[in-house]
file structure.cif (mmCIF, C-alpha atoms)
data_work
loop_
_atom_site.group_PDB
_atom_site.id
_atom_site.type_symbol
_atom_site.label_atom_id
_atom_site.label_comp_id
_atom_site.auth_asym_id
_atom_site.auth_seq_id
_atom_site.Cartn_x
_atom_site.Cartn_y
_atom_site.Cartn_z
ATOM 1 C CA MET A 13 89.436 129.888 97.749
ATOM 2 C CA ILE A 14 93.038 129.549 98.861
ATOM 3 C CA THR A 15 92.060 126.858 101.337
ATOM 4 C CA SER A 16 90.263 124.888 98.637
ATOM 5 C CA LEU A 17 93.201 125.179 96.299
ATOM 6 C CA ARG A 18 95.591 124.047 99.001
ATOM 7 C CA ARG A 19 93.364 121.072 99.804
ATOM 8 C CA MET A 20 93.203 120.138 96.143
ATOM 9 C CA LEU A 21 96.966 120.233 95.814
ATOM 10 C CA THR A 22 97.343 118.105 98.919
ATOM 11 C CA CYS A 23 94.847 115.586 97.525
ATOM 12 C CA HIS A 24 96.920 115.375 94.361
ATOM 13 C CA TRP A 25 100.108 114.990 96.396
ATOM 14 C CA SER A 26 98.489 112.345 98.587
ATOM 15 C CA ALA A 27 97.027 110.350 95.727
ATOM 16 C CA ARG A 28 100.507 109.878 94.327
ATOM 17 C CA ARG A 29 101.715 108.407 97.611
ATOM 18 C CA ILE A 30 98.830 106.385 98.986
ATOM 19 C CA GLN A 31 99.883 103.124 97.358
ATOM 20 C CA ARG A 32 103.440 103.404 98.631
ATOM 21 C CA TYR A 33 102.092 104.250 102.062
ATOM 22 C CA LEU A 34 99.888 101.168 102.091
ATOM 23 C CA ASP A 35 102.458 98.828 100.530
ATOM 24 C CA HIS A 36 105.210 99.795 102.935
ATOM 25 C CA ASP A 37 107.657 98.197 100.516
ATOM 26 C CA PRO A 38 111.306 98.408 101.622
ATOM 27 C CA SER A 39 112.320 99.651 98.187
ATOM 28 C CA ALA A 40 110.070 102.674 98.317
ATOM 29 C CA LEU A 41 109.320 103.732 101.847
ATOM 30 C CA LEU A 42 107.946 107.204 102.348
ATOM 31 C CA ALA A 43 110.022 109.594 104.396
ATOM 32 C CA PRO A 44 108.747 110.164 107.947
ATOM 33 C CA GLY A 45 107.690 113.683 107.007
ATOM 34 C CA GLU A 46 105.709 112.366 104.065
ATOM 35 C CA VAL A 47 103.980 109.794 106.246
ATOM 36 C CA ARG A 48 103.065 112.436 108.769
ATOM 37 C CA ARG A 49 101.720 114.795 106.126
ATOM 38 C CA LEU A 50 99.753 112.032 104.432
ATOM 39 C CA GLU A 51 98.218 110.779 107.662
ATOM 40 C CA GLU A 52 97.231 114.287 108.642
ATOM 41 C CA HIS A 53 95.549 114.695 105.302
ATOM 42 C CA LEU A 54 93.783 111.330 105.477
ATOM 43 C CA ALA A 55 92.408 112.319 108.843
ATOM 44 C CA ILE A 56 90.478 115.196 107.328
ATOM 45 C CA CYS A 57 89.907 114.263 103.683
ATOM 46 C CA GLU A 58 87.027 111.944 102.962
ATOM 47 C CA LYS A 59 87.917 111.605 99.288
ATOM 48 C CA CYS A 60 91.472 110.444 99.931
ATOM 49 C CA THR A 61 90.383 108.167 102.763
ATOM 50 C CA GLN A 62 87.951 106.571 100.355
ATOM 51 C CA LEU A 63 90.721 106.146 97.810
ATOM 52 C CA ALA A 64 92.910 104.422 100.386
ATOM 53 C CA ALA A 65 90.014 102.173 101.379
ATOM 54 C CA GLU A 66 89.444 101.202 97.756
ATOM 55 C CA HIS A 67 93.070 100.245 97.337
ATOM 56 C CA GLN A 68 92.920 98.141 100.481
ATOM 57 C CA ALA A 69 89.746 96.436 99.324
ATOM 58 C CA LEU A 70 91.310 95.712 95.951
ATOM 59 C CA ASN A 71 94.337 94.230 97.657
ATOM 60 C CA ARG A 72 92.169 91.970 99.782
ATOM 61 C CA ALA A 73 90.305 90.823 96.698
ATOM 62 C CA LEU A 74 93.515 90.082 94.805
ATOM 63 C CA ALA A 75 94.814 88.120 97.776
ATOM 64 C CA ARG A 76 91.950 85.674 97.186
ATOM 65 C CA TRP A 77 92.875 85.213 93.541
ATOM 66 C CA PRO A 78 91.634 81.713 92.668
ATOM 67 C CA GLY A 79 94.223 78.985 92.331
ATOM 68 C CA GLN A 80 97.213 81.179 92.825
ATOM 69 C CA GLN A 81 97.966 81.237 96.494
ATOM 70 C CA GLN A 82 98.525 77.540 97.063
ATOM 71 C CA PRO A 83 100.592 75.705 94.455
ATOM 72 C CA ASP A 84 99.668 72.122 93.710
ATOM 73 C CA PRO A 85 101.216 69.997 96.499
ATOM 74 C CA ALA A 86 102.062 67.215 94.056
ATOM 75 C CA SER A 87 103.879 69.651 91.839
ATOM 76 C CA LEU A 88 105.783 71.018 94.790
ATOM 77 C CA ALA A 89 106.678 67.509 95.911
ATOM 78 C CA ARG A 90 108.085 66.690 92.473
ATOM 79 C CA LEU A 91 110.240 69.804 92.633
ATOM 80 C CA HIS A 92 111.590 68.785 96.023
ATOM 81 C CA GLU A 93 112.355 65.391 94.534
ATOM 82 C CA ALA A 94 114.241 67.096 91.725
ATOM 83 C CA VAL A 95 116.345 68.937 94.286
ATOM 84 C CA ASP A 96 116.916 65.662 96.110
ATOM 85 C CA ARG A 97 118.149 64.043 92.926
ATOM 86 C CA LEU A 98 120.608 66.838 92.303
ATOM 87 C CA VAL A 99 121.835 66.917 95.877
ATOM 88 C CA ASN A 100 122.081 63.142 96.194
ATOM 89 C CA GLN A 101 124.129 63.055 93.076
ATOM 90 C CA GLU A 102 126.395 65.553 94.755
ATOM 91 C CA ASP A 103 126.676 63.417 97.849
ATOM 92 C CA GLU A 104 127.603 60.255 95.935
ATOM 93 C CA MET B 2 106.872 67.528 83.619
ATOM 94 C CA GLY B 3 108.953 64.939 85.415
ATOM 95 C CA SER B 4 112.700 64.514 85.250
ATOM 96 C CA ARG B 5 114.562 66.822 82.942
ATOM 97 C CA SER B 6 118.185 66.839 81.890
ATOM 98 C CA VAL B 7 119.933 66.130 85.151
ATOM 99 C CA PRO B 8 123.469 67.504 85.392
ATOM 100 C CA THR B 9 126.248 65.051 84.764
ATOM 101 C CA PRO B 10 128.483 63.782 87.566
ATOM 102 C CA SER B 11 131.122 66.256 86.456
ATOM 103 C CA ASP B 12 128.858 69.006 87.825
ATOM 104 C CA SER B 13 129.250 67.505 91.251
ATOM 105 C CA ALA B 14 131.961 68.452 93.666
ATOM 106 C CA ASP B 15 131.356 68.026 97.374
ATOM 107 C CA PRO B 16 128.689 67.633 100.042
ATOM 108 C CA ALA B 17 129.102 71.233 101.151
ATOM 109 C CA ARG B 18 128.038 72.365 97.711
ATOM 110 C CA ALA B 19 125.022 70.090 97.898
ATOM 111 C CA LEU B 20 124.098 71.445 101.291
ATOM 112 C CA ALA B 21 124.450 75.039 100.094
ATOM 113 C CA PHE B 22 122.247 74.311 97.144
ATOM 114 C CA ARG B 23 119.559 72.751 99.286
ATOM 115 C CA THR B 24 119.733 75.598 101.791
ATOM 116 C CA HIS B 25 119.373 78.268 99.134
ATOM 117 C CA VAL B 26 116.847 76.639 96.865
ATOM 118 C CA GLU B 27 114.427 74.539 98.852
ATOM 119 C CA PRO B 28 112.860 77.388 100.868
ATOM 120 C CA GLU B 29 112.139 79.229 97.614
ATOM 121 C CA LEU B 30 110.487 76.428 95.637
ATOM 122 C CA GLU B 31 106.948 77.418 96.524
ATOM 123 C CA VAL B 32 107.537 81.031 95.631
ATOM 124 C CA LEU B 33 109.214 80.031 92.387
ATOM 125 C CA LEU B 34 106.259 77.838 91.521
ATOM 126 C CA ARG B 35 103.770 80.635 92.169
ATOM 127 C CA VAL B 36 105.761 83.103 90.130
ATOM 128 C CA ALA B 37 106.209 80.577 87.345
ATOM 129 C CA ARG B 38 102.465 80.023 87.360
ATOM 130 C CA THR B 39 101.976 83.727 86.856
ATOM 131 C CA LEU B 40 104.594 83.900 84.123
ATOM 132 C CA THR B 41 103.495 80.890 82.139
ATOM 133 C CA GLY B 42 99.771 80.963 82.747
ATOM 134 C CA ASN B 43 99.387 77.261 83.493
ATOM 135 C CA PRO B 44 100.531 74.812 86.169
ATOM 136 C CA ALA B 45 102.241 72.274 83.890
ATOM 137 C CA ASP B 46 104.450 74.844 82.203
ATOM 138 C CA ALA B 47 105.137 76.401 85.591
ATOM 139 C CA GLU B 48 106.483 73.148 86.967
ATOM 140 C CA ASP B 49 108.644 72.615 83.898
ATOM 141 C CA LEU B 50 109.973 76.124 84.213
ATOM 142 C CA VAL B 51 110.886 75.701 87.872
ATOM 143 C CA GLN B 52 112.518 72.330 87.232
ATOM 144 C CA GLU B 53 114.678 73.859 84.545
ATOM 145 C CA THR B 54 115.423 76.814 86.787
ATOM 146 C CA VAL B 55 116.553 74.527 89.593
ATOM 147 C CA ILE B 56 118.870 72.646 87.259
ATOM 148 C CA ARG B 57 120.388 75.852 85.939
ATOM 149 C CA ALA B 58 120.798 77.169 89.457
ATOM 150 C CA PHE B 59 122.616 74.000 90.412
ATOM 151 C CA ARG B 60 125.028 74.448 87.544
ATOM 152 C CA ALA B 61 125.549 78.115 88.414
ATOM 153 C CA LEU B 62 125.978 77.682 92.148
ATOM 154 C CA GLU B 63 129.682 78.546 92.132
ATOM 155 C CA ARG B 64 128.887 81.982 90.770
ATOM 156 C CA PHE B 65 126.340 82.769 93.475
ATOM 157 C CA ASP B 66 127.580 84.753 96.474
ATOM 158 C CA GLY B 67 124.839 83.492 98.787
ATOM 159 C CA ALA B 68 123.496 86.934 99.590
ATOM 160 C CA HIS B 69 119.989 87.012 98.114
ATOM 161 C CA PRO B 70 118.917 83.559 96.986
ATOM 162 C CA ARG B 71 115.407 84.580 96.027
ATOM 163 C CA ALA B 72 116.590 87.384 93.790
ATOM 164 C CA TRP B 73 119.206 85.075 92.278
ATOM 165 C CA LEU B 74 116.653 82.366 91.576
ATOM 166 C CA LEU B 75 114.126 84.811 90.184
ATOM 167 C CA THR B 76 116.694 86.118 87.754
ATOM 168 C CA ILE B 77 117.480 82.578 86.613
ATOM 169 C CA LEU B 78 113.762 81.883 86.355
ATOM 170 C CA ARG B 79 113.279 84.945 84.159
ATOM 171 C CA HIS B 80 116.130 84.017 81.842
ATOM 172 C CA THR B 81 114.972 80.425 81.680
ATOM 173 C CA ASN B 82 111.458 81.504 80.881
ATOM 174 C CA MET B 83 112.678 83.779 78.126
ATOM 175 C CA ASN B 84 114.744 81.003 76.640
ATOM 176 C CA MET B 85 111.926 78.496 76.836
ATOM 177 C CA HIS B 86 109.201 80.719 75.434
ATOM 178 C CA ARG B 87 110.807 83.505 73.452
ATOM 179 C CA ARG B 88 109.723 82.055 70.145
ATOM 180 C CA GLN B 89 106.139 81.549 71.175
ATOM 181 C CA ARG B 90 105.255 84.460 73.411
ATOM 182 C CA PRO B 91 107.818 87.242 73.427
ATOM 183 C CA ASP B 92 105.515 89.915 74.772
ATOM 184 C CA LEU B 93 104.178 87.846 77.622
ATOM 185 C CA VAL B 94 107.547 86.560 78.675
ATOM 186 C CA GLU B 95 109.068 89.993 78.686
ATOM 187 C CA ASP B 96 106.780 91.220 81.300
ATOM 188 C CA TRP B 97 106.096 88.845 84.152
ATOM 189 C CA ALA B 98 107.777 89.042 87.546
ATOM 190 C CA ALA B 99 108.641 87.640 90.897
ATOM 191 C CA VAL B 100 108.357 86.414 94.513
ATOM 192 C CA GLN B 101 106.576 86.413 97.752
ATOM 193 C CA GLY B 102 108.079 88.797 100.247
ATOM 194 C CA ALA B 103 108.012 89.295 103.945
ATOM 195 C CA ARG B 104 106.511 92.670 103.257
ATOM 196 C CA PRO B 105 102.881 92.864 104.278
ATOM 197 C CA ALA B 106 101.521 94.337 101.064
ATOM 198 C CA PHE B 107 98.874 96.816 102.093
ATOM 199 C CA GLY B 108 97.756 97.193 105.590
ATOM 200 C CA ALA B 109 101.180 97.674 107.158
ATOM 201 C CA VAL B 110 99.842 100.996 108.306
ATOM 202 C CA GLY B 111 96.233 101.084 109.279
ATOM 203 C CA VAL B 112 93.804 103.336 107.511
ATOM 204 C CA PRO B 113 90.213 103.608 108.620
ATOM 205 C CA ILE B 114 88.147 101.501 106.250
ATOM 206 C CA PRO B 115 84.457 102.008 105.668
ATOM 207 C CA GLU B 116 83.385 98.391 105.293
ATOM 208 C CA ASP B 117 80.404 99.332 103.213
ATOM 209 C CA THR B 118 82.525 100.694 100.400
ATOM 210 C CA VAL B 119 81.614 99.510 96.946
ATOM 211 C CA MET B 120 85.057 98.005 96.534
ATOM 212 C CA ASP B 121 84.449 95.672 99.444
ATOM 213 C CA GLN B 122 81.770 93.964 97.395
ATOM 214 C CA ILE B 123 84.149 92.907 94.660
ATOM 215 C CA LEU B 124 83.107 89.703 93.004
ATOM 216 C CA ASP B 125 85.693 87.278 91.692
ATOM 217 C CA GLU B 126 84.343 87.329 88.157
ATOM 218 C CA ASP B 127 84.376 91.111 88.037
ATOM 219 C CA LEU B 128 87.906 91.159 89.344
ATOM 220 C CA GLU B 129 89.102 88.578 86.833
ATOM 221 C CA ARG B 130 87.466 90.539 84.036
ATOM 222 C CA ALA B 131 89.087 93.747 85.190
ATOM 223 C CA VAL B 132 92.537 92.171 85.516
ATOM 224 C CA SER B 133 92.304 90.359 82.193
ATOM 225 C CA SER B 134 91.474 93.641 80.483
ATOM 226 C CA LEU B 135 94.892 95.008 81.445
ATOM 227 C CA ASP B 136 97.790 95.103 79.056
ATOM 228 C CA ALA B 137 100.143 92.177 79.779
ATOM 229 C CA ARG B 138 102.888 94.503 81.021
ATOM 230 C CA PHE B 139 100.598 95.897 83.696
ATOM 231 C CA ARG B 140 98.861 92.643 84.506
ATOM 232 C CA SER B 141 102.107 90.822 85.185
ATOM 233 C CA VAL B 142 103.291 93.383 87.705
ATOM 234 C CA LEU B 143 99.934 93.403 89.443
ATOM 235 C CA MET B 144 99.906 89.623 89.723
ATOM 236 C CA LEU B 145 103.468 89.379 90.953
ATOM 237 C CA VAL B 146 103.100 91.990 93.658
ATOM 238 C CA ASP B 147 99.475 91.725 94.745
ATOM 239 C CA VAL B 148 98.782 88.035 94.126
ATOM 240 C CA ASP B 149 102.202 86.389 94.415
ATOM 241 C CA ARG B 150 103.191 88.862 97.141
ATOM 242 C CA LEU B 151 106.586 89.823 95.802
ATOM 243 C CA THR B 152 108.317 92.979 96.887
ATOM 244 C CA TYR B 153 108.905 95.660 94.282
ATOM 245 C CA ALA B 154 112.565 94.624 94.055
ATOM 246 C CA GLU B 155 111.714 90.954 93.660
ATOM 247 C CA ALA B 156 109.193 91.744 90.958
ATOM 248 C CA ALA B 157 111.848 93.848 89.252
ATOM 249 C CA ASP B 158 114.254 90.889 89.351
ATOM 250 C CA ALA B 159 111.665 88.569 87.903
ATOM 251 C CA LEU B 160 110.744 90.919 85.092
ATOM 252 C CA GLY B 161 114.180 92.333 84.408
ATOM 253 C CA VAL B 162 113.020 95.921 84.754
ATOM 254 C CA PRO B 163 113.958 98.701 87.210
ATOM 255 C CA VAL B 164 112.082 99.031 90.480
ATOM 256 C CA GLY B 165 110.732 102.376 89.297
ATOM 257 C CA THR B 166 109.143 100.668 86.323
ATOM 258 C CA VAL B 167 107.511 98.122 88.602
ATOM 259 C CA MET B 168 106.118 100.920 90.755
ATOM 260 C CA SER B 169 104.722 102.934 87.881
ATOM 261 C CA ARG B 170 103.178 99.913 86.162
ATOM 262 C CA LEU B 171 101.746 98.684 89.438
ATOM 263 C CA SER B 172 100.200 102.020 90.220
ATOM 264 C CA ARG B 173 98.599 102.291 86.814
ATOM 265 C CA ALA B 174 97.386 98.695 86.913
ATOM 266 C CA ARG B 175 95.750 99.121 90.293
ATOM 267 C CA ASN B 176 94.105 102.350 89.294
ATOM 268 C CA ARG B 177 92.740 100.840 86.116
ATOM 269 C CA VAL B 178 91.355 97.802 87.920
ATOM 270 C CA ARG B 179 89.929 99.976 90.675
ATOM 271 C CA LEU B 180 88.155 102.243 88.198
ATOM 272 C CA HIS B 181 86.955 99.283 86.161
ATOM 273 C CA LEU B 182 85.435 97.713 89.265
ATOM 274 C CA ARG B 183 83.943 100.966 90.414
ATOM 275 C CA ASN B 184 82.306 101.470 87.020
ATOM 276 C CA THR B 185 81.032 97.907 87.021
ATOM 277 C CA ALA B 186 79.518 98.397 90.429
ATOM 278 C CA THR B 187 77.950 101.660 89.367
ATOM 279 C CA VAL B 188 76.478 100.189 86.202
ATOM 280 C CA GLN B 189 75.064 97.223 88.069
ATOM 281 C CA GLY B 190 73.849 99.291 90.987
ATOM 282 C CA ARG B 191 75.745 96.815 93.104
ATOM 283 C CA ASN B 192 73.752 95.751 96.111
ATOM 284 C CA ARG B 193 74.743 92.119 96.088
#

call {"tool": "encode", "arguments": {"input": "structure.cif", "output": "structure tokens"}}
result
Amino acid sequence: MITSLRRMLTCHWSARRIQRYLDHDPSALLAPGEVRRLEEHLAICEKCTQLAAEHQALNRALARWPGQQQPDPASLARLHEAVDRLVNQEDE
Amino acid sequence: MGSRSVPTPSDSADPARALAFRTHVEPELEVLLRVARTLTGNPADAEDLVQETVIRAFRALERFDGAHPRAWLLTILRHTNMNMHRRQRPDLVEDWAAVQGARPAFGAVGVPIPEDTVMDQILDEDLERAVSSLDARFRSVLMLVDVDRLTYAEAADALGVPVGTVMSRLSRARNRVRLHLRNTATVQGRNR
């Protein structure tokens, strides 16, 4: 009973940190102790491991978002030309 | 699209200023264009927005300390976008955010992945449906961080909200999309 309750609390704690753990964003890094605790939990908890896997799969899917990853080269070229115009004006 | 109001010669000063501008701005053009695409929803408006942003950045160069060009440009982009679209789409404009980062979003730390998970069978149309069902405030953060690959801080700059707000909206957006996709897969008995 106590073990189950403890596991449940750890799942709740972990679920609130899994995204930050996976993102590894410099603005919101987990403390080393949190990383260690989370990884220990993931090693034994199928439910939380599944949750982490779902977030990773979602991230991979979003990375393929149609039309978003590569801007139109012509559009980008026009923007570089705009910079050139500004800078050339500066050089004159 | 095309040429917009180019600064007058009085904006010009010296070649060093021109070089600084090129150094700060050119490496960020692609990121700005992607973010603008997310903010405006279409490529033509995105290009206009970035052109205007570049011009405003040029005029504001003296006030830039050179420390974080991407953050500086994203802030200008956000203000420019608000000015250009406030009358038409206040809610949308309020909420979109920012740039590609060096951070490897997801996967920086390996987690064992069962490749047969339902989520690995995500179809583009299901994903688009799930994302489009989000409130604009949540959708914009999701797109900026997970599609445009901005860091939390860059997304915060682009949206004009605190990093904590980006994190909470991102978390809720991902969870909603994840549950939406899981339900879709369950309903369809996904075996595609």

call {"tool": "closest_residue", "arguments": {"input": "structure.cif", "among": "A:Ala94, A:Ala69, A:Leu54, A:Leu74", "to": "A:Tyr33", "atoms": "all atoms listed in the file"}}
result
A:Leu54

call {"tool": "interface_residues", "arguments": {"input": "structure.cif", "of": "chain A", "to": "chain B", "cutoff": "8 Å", "atoms": "all atoms listed in the file", "output": "PyMOL selection string"}}
result
chain A and resi 31+33-39+61-62+64-71+73-77+80-83+87-88+90-92+94-95+98-103

call {"tool": "write_last_selection", "arguments": {"input": "structure.cif", "atoms": "C-alpha atoms", "output": "PDB file, in the coordinates of the input"}}
result
ATOM      1  CA  GLN A  31      99.883 103.124  97.358  1.00  0.00           C
ATOM      2  CA  TYR A  33     102.092 104.250 102.062  1.00  0.00           C
ATOM      3  CA  LEU A  34      99.888 101.168 102.091  1.00  0.00           C
ATOM      4  CA  ASP A  35     102.458  98.828 100.530  1.00  0.00           C
ATOM      5  CA  HIS A  36     105.210  99.795 102.935  1.00  0.00           C
ATOM      6  CA  ASP A  37     107.657  98.197 100.516  1.00  0.00           C
ATOM      7  CA  PRO A  38     111.306  98.408 101.622  1.00  0.00           C
ATOM      8  CA  SER A  39     112.320  99.651  98.187  1.00  0.00           C
ATOM      9  CA  THR A  61      90.383 108.167 102.763  1.00  0.00           C
ATOM     10  CA  GLN A  62      87.951 106.571 100.355  1.00  0.00           C
ATOM     11  CA  ALA A  64      92.910 104.422 100.386  1.00  0.00           C
ATOM     12  CA  ALA A  65      90.014 102.173 101.379  1.00  0.00           C
ATOM     13  CA  GLU A  66      89.444 101.202  97.756  1.00  0.00           C
ATOM     14  CA  HIS A  67      93.070 100.245  97.337  1.00  0.00           C
ATOM     15  CA  GLN A  68      92.920  98.141 100.481  1.00  0.00           C
ATOM     16  CA  ALA A  69      89.746  96.436  99.324  1.00  0.00           C
ATOM     17  CA  LEU A  70      91.310  95.712  95.951  1.00  0.00           C
ATOM     18  CA  ASN A  71      94.337  94.230  97.657  1.00  0.00           C
ATOM     19  CA  ALA A  73      90.305  90.823  96.698  1.00  0.00           C
ATOM     20  CA  LEU A  74      93.515  90.082  94.805  1.00  0.00           C
ATOM     21  CA  ALA A  75      94.814  88.120  97.776  1.00  0.00           C
ATOM     22  CA  ARG A  76      91.950  85.674  97.186  1.00  0.00           C
ATOM     23  CA  TRP A  77      92.875  85.213  93.541  1.00  0.00           C
ATOM     24  CA  GLN A  80      97.213  81.179  92.825  1.00  0.00           C
ATOM     25  CA  GLN A  81      97.966  81.237  96.494  1.00  0.00           C
ATOM     26  CA  GLN A  82      98.525  77.540  97.063  1.00  0.00           C
ATOM     27  CA  PRO A  83     100.592  75.705  94.455  1.00  0.00           C
ATOM     28  CA  SER A  87     103.879  69.651  91.839  1.00  0.00           C
ATOM     29  CA  LEU A  88     105.783  71.018  94.790  1.00  0.00           C
ATOM     30  CA  ARG A  90     108.085  66.690  92.473  1.00  0.00           C
ATOM     31  CA  LEU A  91     110.240  69.804  92.633  1.00  0.00           C
ATOM     32  CA  HIS A  92     111.590  68.785  96.023  1.00  0.00           C
ATOM     33  CA  ALA A  94     114.241  67.096  91.725  1.00  0.00           C
ATOM     34  CA  VAL A  95     116.345  68.937  94.286  1.00  0.00           C
ATOM     35  CA  LEU A  98     120.608  66.838  92.303  1.00  0.00           C
ATOM     36  CA  VAL A  99     121.835  66.917  95.877  1.00  0.00           C
ATOM     37  CA  ASN A 100     122.081  63.142  96.194  1.00  0.00           C
ATOM     38  CA  GLN A 101     124.129  63.055  93.076  1.00  0.00           C
ATOM     39  CA  GLU A 102     126.395  65.553  94.755  1.00  0.00           C
ATOM     40  CA  ASP A 103     126.676  63.417  97.849  1.00  0.00           C
TER      41      ASP A 103
END

call {"tool": "atom_distance", "arguments": {"input": "structure.cif", "atom1": "atom CA of B:Ala159", "atom2": "atom CA of B:Arg79"}}
result
5.5 Å

call {"tool": "atom_distance", "arguments": {"input": "structure.cif", "atom1": "atom CA of B:Leu145", "atom2": "atom CA of B:Met83"}}
result
16.8 Å

call {"tool": "residues_around", "arguments": {"input": "structure.cif", "residues": "B:Phe65", "least_positions_apart": "3", "cutoff": "12 Å", "atoms": "only C-alpha atoms", "output": "PDB file with C-alpha atoms, in the frame of the given file"}}
result
ATOM      1  CA  ARG B  18     128.038  72.365  97.711  1.00  0.00           C
ATOM      2  CA  ALA B  21     124.450  75.039 100.094  1.00  0.00           C
ATOM      3  CA  PHE B  22     122.247  74.311  97.144  1.00  0.00           C
ATOM      4  CA  HIS B  25     119.373  78.268  99.134  1.00  0.00           C
ATOM      5  CA  VAL B  26     116.847  76.639  96.865  1.00  0.00           C
ATOM      6  CA  ARG B  57     120.388  75.852  85.939  1.00  0.00           C
ATOM      7  CA  ALA B  58     120.798  77.169  89.457  1.00  0.00           C
ATOM      8  CA  PHE B  59     122.616  74.000  90.412  1.00  0.00           C
ATOM      9  CA  ARG B  60     125.028  74.448  87.544  1.00  0.00           C
ATOM     10  CA  ALA B  61     125.549  78.115  88.414  1.00  0.00           C
ATOM     11  CA  LEU B  62     125.978  77.682  92.148  1.00  0.00           C
ATOM     12  CA  ALA B  68     123.496  86.934  99.590  1.00  0.00           C
ATOM     13  CA  HIS B  69     119.989  87.012  98.114  1.00  0.00           C
ATOM     14  CA  PRO B  70     118.917  83.559  96.986  1.00  0.00           C
ATOM     15  CA  ARG B  71     115.407  84.580  96.027  1.00  0.00           C
ATOM     16  CA  ALA B  72     116.590  87.384  93.790  1.00  0.00           C
ATOM     17  CA  TRP B  73     119.206  85.075  92.278  1.00  0.00           C
ATOM     18  CA  LEU B  74     116.653  82.366  91.576  1.00  0.00           C
ATOM     19  CA  THR B  76     116.694  86.118  87.754  1.00  0.00           C
ATOM     20  CA  ILE B  77     117.480  82.578  86.613  1.00  0.00           C
TER      21      ILE B  77
END

call {"tool": "atom_distance", "arguments": {"input": "structure.cif", "atom1": "atom CA of B:Thr185", "atom2": "atom CA of A:Cys60"}}
result
20.8 Å

call {"tool": "resolve_selection", "arguments": {"input": "structure.cif", "expression": "the PyMOL selection byres ((chain A and resi 27) around 10)", "output": "list in words"}}
result
Leu21, Thr22, Cys23, His24, Trp25, Ser26, Arg28, Arg29, Ile30, Gln31, Arg32, Leu50, Lys59, Cys60, Thr61, Leu63 and Ala64 of chain A

call {"tool": "resolve_selection", "arguments": {"input": "structure.cif", "expression": "the PyMOL selection byres ((chain B and resi 82) around 9)", "output": "list in words"}}
result
Ala37, Leu40, Thr41, Leu50, Thr54, Ile77, Leu78, Arg79, His80, Thr81, Met83, Asn84, Met85, His86, Arg87 and Val94 of chain B

call {"tool": "closest_residue", "arguments": {"input": "structure.cif", "among": "A:Ile14, A:Ala55, A:Ala40, A:Val47", "to": "B:Ser169", "atoms": "only C-alpha atoms"}}
result
A:Ala40
